[in-house]
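Worksheet: one structure, shown below.
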Amino acid sequence: MLLRVLLAAVAGVALAGASEPLAWTWLTLPSVAVLLLCVRGLAPRTAWLPSLTFGIAFFFVLQVWMRAVGTDAWIGLSALEAAFFVPLGLAFSVVGRSRWWPLWAAVCWVAVETVRGSWPFSGMPWGRLSYGVVDSVWAEGLPWYGFTGVSFLLALSGTVLAWLVADRPAARVGVPVVLVLAALTITPNVLTWDPRTEGSATVAAVQGDVPGSGDDLVAVHREVTRNHVEATVALAADVRSGAAPALDFVLWPENSTAVDPFRDTQVNTGIERAVTAIGVPVLVGAMVDAPESHQVLNQGIVWDPRTGPGDRYTKRWPVPFGEYIPWREVVFKENLGQLRQIGRDMLSGTRPSPLVVGGIQVADAICFDVAYDEGLHTQIRNGAQLVTVQTSNAMFIRTHQIEQQYAITRLRALETGRAVAVAATNGLTGVIDPRGRVLAEADPRTTSAVVHEVGLSSRVTPAVWLGVWPGRVAVVLAVLLTLALGPLRGRVPYARRARPIRGSQA
């Protein structure tokens with residue numbers, strides 16, 4: 001058992017290496033395979049231990065950037081996410097009694113990934129296998145299979161690798177299975193998704209920068225807003241002189257104003273000055289006071305040079321214990337510890353339709369929203385032609401969180417078949433094409449404006465059309481499999497039955 005636990009820990013660390021900053025996607029397959037081999041042959045009462053160890057090693061390394069919030073936040077979040085590997089280990093032990101265990105183990109992996117990304121509260125999708133495929137052979141499968149489908153393909157490839165090692169199937173069985181997996185992986189690279197652009201738009205993403213240390217936006221929020229105003233005014237001068245092309249709209253990041261622009265005269269005047277100068281709509285990221293004094297809205301506001309503020313998108317998935325406190329009045333009434341810093345609870349948005357920015361249908365996502373499928377899928381199915389991401393990663397500017405989120409954003413462009421414009425307060429800001437390729441990018445910790453022309457598309461990818469249903473189907477199937485296979489206690493997990501040696505005595 002000690003050897004199993006140690007190997008599982010190594011595999012968990014290796015899986016973290018599939019994501020940024022290493023982005024070694026190939027580590028995914030042996031990591032999943034080693035976990036399966038570590039659980040192989042164990043009864044459910046002990047199978048959870050190597051699996052939990054794997055989860056602890058994986059999440060504590062992957063999410064080490066949470067230490068920027070606090071060591072307690074890093075430990076709490078990583079421990080919560082790792083706990084989901086307990087039921088995964090139990091499920092592996094149970095489905096291993098089936099002849100088709102590599103297939104069912106992959107289904108269980110995706111099922112747990114789906115539940116973890118949506119529960120408790122809004123869940124935490126960070127750590128999906130498919131989030132580590134940027135610039136790899138698996139990435140082109142995203143518009144066809146979606147994030148859930150690519151995670152399943154990776155998990156199945158890993159479980160088949162474990163099957164080849166553990167059961168050593170005959171070539172007539174093993175070779176066709178490997179060929180099918182190879183075909184599912186390679187085919188999307190040959191038959192790449194065509195977004196079929198219909199027209200184009202020239203977009204500017206403004207990165208104002210955060211003065212001082214760069215990681216404390218709240219302390220210098222007025223300077224941050226001023227930076228975005230001045231950068232936009234300077235961009236307007238470049239457009240008038242011909243140094244920059246005419247624009248369709250400008251994108252500002254989340255927290256480009258950390259106070260309500262409708263109530264703060266200084267901020268309102270600054271935004272009006274910038275919008276008037278540039279002469280096109282600006283999608284402003286603002287913290288807006290809610291009707292209740294203890295609540296706040298994190299919004300993207302379309303600010304038109306003629307009609308003023310109009311269409312809005314409200315962040316759909318605020319971070320629990322980071323942007324709001326669940327059960328504040330019941331459990332956390334005293335706001336113990338660092339929770340005192342969360343003075344107001346951020347409300348969740350529900351908008352299903354895209355914003356209209358300068359006549360363009362835009363699907364917006366604010367910060368961690370980009371990691372969730374449903375919000376962007378719904379807006380795109382309702383006609384969005386372009387995706388924007390407004391983010392404020394200032395707190396994590398010295399960590400690899402910004403690279404991990406940027407990789408997810410690039411993959412989201414592939415999955416949706418849409419160009420994506422990203423505006424961050426001080427990194428990373430850029431424009432990405434529907435193939436996930438970076439067209440233009442600003443250096444972190446600079447005041448910059450990234451300008452690029454992008455195509456507009458109305459074609460819906462199979463992944464967006466399917467939406468969240470593949471994950472839900474996996475959850476139902478995993479539950480049914482576990483219930484159906486649970487009573488079969490007499491079967492030997494994963495391995496073929498041992499044959500008695502001829503001539504031996506019973």
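Going through the structure tokens in order, the chains are called A, B, and so on, while each chain numbers its residues from 1 and the ligands are numbered from 1 in the order shown.
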### Task
Write out as a PyMOL selection string all residues of segment 148-271 of chain A that backbone DSSP assigns to strand (DSSP E).
chain A and resi 200-207+249-251
May I have the selected residues written with C-alpha atoms, as a compact mmCIF listing (two decimals), in the first residue's frame?
# COMPACT_ATOMS: atom_id res chain seq x y z
CA SER A 200 -15.06 41.17 -39.49
CA ALA A 201 -14.54 43.60 -36.63
CA THR A 202 -11.53 45.57 -35.45
CA VAL A 203 -11.25 45.35 -31.68
CA ALA A 204 -8.93 47.05 -29.19
CA ALA A 205 -8.22 45.43 -25.81
CA VAL A 206 -6.85 47.92 -23.30
CA GLN A 207 -4.54 46.91 -20.45
CA PHE A 249 -15.34 48.76 -30.17
CA VAL A 250 -12.91 48.84 -27.25
CA LEU A 251 -12.64 46.28 -24.45
If you count only C-alpha atoms, the residue of A:Gly70, A:Gly89, A:Gly76, A:Pro211 closest to Trp48 of chain A turns out to be A:Gly89
All residues 9 Å or closer to Leu386 of chain A, only C-alpha atoms, same chain fewer than 2 positions away omitted, as an NGL selection string: :A and (360-364 or 380 or 384 or 388 or 418-421 or 454-458)
Selected residues written out, C-alpha atoms, as a PDB file, in the first residue's frame:
ATOM      1  CA  ILE A 360     -21.918  43.111 -33.042  1.00  0.00           C
ATOM      2  CA  GLN A 361     -23.312  40.210 -31.016  1.00  0.00           C
ATOM      3  CA  VAL A 362     -20.749  39.596 -28.250  1.00  0.00           C
ATOM      4  CA  ALA A 363     -20.613  36.720 -25.743  1.00  0.00           C
ATOM      5  CA  ASP A 364     -18.976  38.098 -22.613  1.00  0.00           C
ATOM      6  CA  ILE A 380     -23.322  31.632 -28.632  1.00  0.00           C
ATOM      7  CA  ALA A 384     -22.993  35.649 -30.435  1.00  0.00           C
ATOM      8  CA  THR A 388     -14.767  38.770 -24.992  1.00  0.00           C
ATOM      9  CA  ARG A 418     -15.058  32.197 -32.216  1.00  0.00           C
ATOM     10  CA  ALA A 419     -12.337  34.819 -32.065  1.00  0.00           C
ATOM     11  CA  VAL A 420     -11.690  35.944 -28.494  1.00  0.00           C
ATOM     12  CA  ALA A 421     -10.540  39.339 -27.232  1.00  0.00           C
ATOM     13  CA  VAL A 454     -10.973  39.435 -36.250  1.00  0.00           C
ATOM     14  CA  GLY A 455     -13.570  37.441 -38.153  1.00  0.00           C
ATOM     15  CA  LEU A 456     -17.177  37.150 -36.990  1.00  0.00           C
ATOM     16  CA  SER A 457     -18.957  33.802 -37.109  1.00  0.00           C
ATOM     17  CA  SER A 458     -22.501  32.571 -36.536  1.00  0.00           C
TER      18      SER A 458
END
| Just how far from atom CA of Ala16 of chain A is atom CA of Ala83 of chain A, in Å to one decimal? |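 Computing the Euclidean distance for atom CA of Ala83 of chain A and atom CA of Ala16 of chain A yields 16.4 Å.
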inquiry  = With only C-alpha atoms as the counted atoms, please give the residues lying no more than 9 Å from Leu481 of chain A, apart from itself and same-chain residues fewer than 5 positions off, as a list in words.
reply    =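 Contacts, in chain order: Ala91, Val94, Val95, Trp104, Cys108, Val476 and Gly486 of chain A.
Closest to Met287 of chain A among A:Ala365, A:Ala231, A:Met346, A:Leu156 is A:Met346, based on only C-alpha atoms.
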Please provide the set of residues having any atom within 12 Å of Thr307 of chain A, restricted to only C-alpha atoms, with same-chain residues fewer than 2 positions apart removed, written as a ChimeraX atom specification. /A:272,275-276,279-282,302-305,309-311,358
Please produce an output containing C-alpha atoms for each residue in the selection, written as an mmCIF file, in the first residue's frame.
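Result saved to part-v1.cif:
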data_model
loop_
_atom_site.group_PDB
_atom_site.id
_atom_site.type_symbol
_atom_site.label_atom_id
_atom_site.label_comp_id
_atom_site.auth_asym_id
_atom_site.auth_seq_id
_atom_site.Cartn_x
_atom_site.Cartn_y
_atom_site.Cartn_z
ATOM 1 C CA GLU A 272 -17.202 59.616 -20.623
ATOM 2 C CA VAL A 275 -15.591 56.996 -24.789
ATOM 3 C CA THR A 276 -16.092 60.398 -26.372
ATOM 4 C CA GLY A 279 -15.912 57.528 -30.681
ATOM 5 C CA VAL A 280 -16.968 53.862 -30.508
ATOM 6 C CA PRO A 281 -18.561 51.768 -27.729
ATOM 7 C CA VAL A 282 -16.355 50.717 -24.828
ATOM 8 C CA VAL A 302 -21.609 48.713 -22.984
ATOM 9 C CA TRP A 303 -20.807 52.467 -22.888
ATOM 10 C CA ASP A 304 -21.826 54.134 -26.127
ATOM 11 C CA PRO A 305 -20.401 57.553 -27.167
ATOM 12 C CA PRO A 309 -24.256 53.206 -20.651
ATOM 13 C CA GLY A 310 -26.662 50.530 -21.860
ATOM 14 C CA ASP A 311 -26.482 46.746 -22.280
ATOM 15 C CA GLY A 358 -21.579 48.507 -31.919
#
Val32 of chain A surroundings by only C-alpha atoms, 8 Å radius, close-in-sequence under 5 positions cut, as an mmCIF file with C-alpha atoms, in the first residue's frame:
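Result file result.cif:
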data_model
loop_
_atom_site.group_PDB
_atom_site.id
_atom_site.type_symbol
_atom_site.label_atom_id
_atom_site.label_comp_id
_atom_site.auth_asym_id
_atom_site.auth_seq_id
_atom_site.Cartn_x
_atom_site.Cartn_y
_atom_site.Cartn_z
ATOM 1 C CA ALA A 11 1.406 10.593 -10.835
ATOM 2 C CA LEU A 15 -0.622 15.438 -14.090
ATOM 3 C CA ALA A 155 -9.030 9.569 -19.699
ATOM 4 C CA GLY A 158 -4.937 6.607 -20.022
ATOM 5 C CA THR A 159 -7.158 3.740 -18.889
#
* Asked: So which one's closest to Thr232 of chain A, A:Thr425, A:Ser448, A:Ser19, A:Thr461? Using only C-alpha atoms, please.
  ->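 Closest candidate: A:Ser448.
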Between atom CA of Phe321 of chain A and atom CA of Val112 of chain A - distance in Å to one decimal:
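According to the coordinates, atom CA of Val112 of chain A and atom CA of Phe321 of chain A are separated by 22.5 Å.
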Do you know which residues are at most 8 Å from Asn298 of chain A counting only C-alpha atoms, after dropping those on the same chain fewer than 3 positions away, and could you put them as a PyMOL selection string? chain A and resi 254+285-288+314-315+346-347
**Request:** Mind giving me the straight-line distance from atom CA of Val34 of chain A to atom CA of Val475 of chain A in Å, one decimal?
**Result:**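 So the two atoms, atom CA of Val34 of chain A and atom CA of Val475 of chain A, lie 23.2 Å apart.
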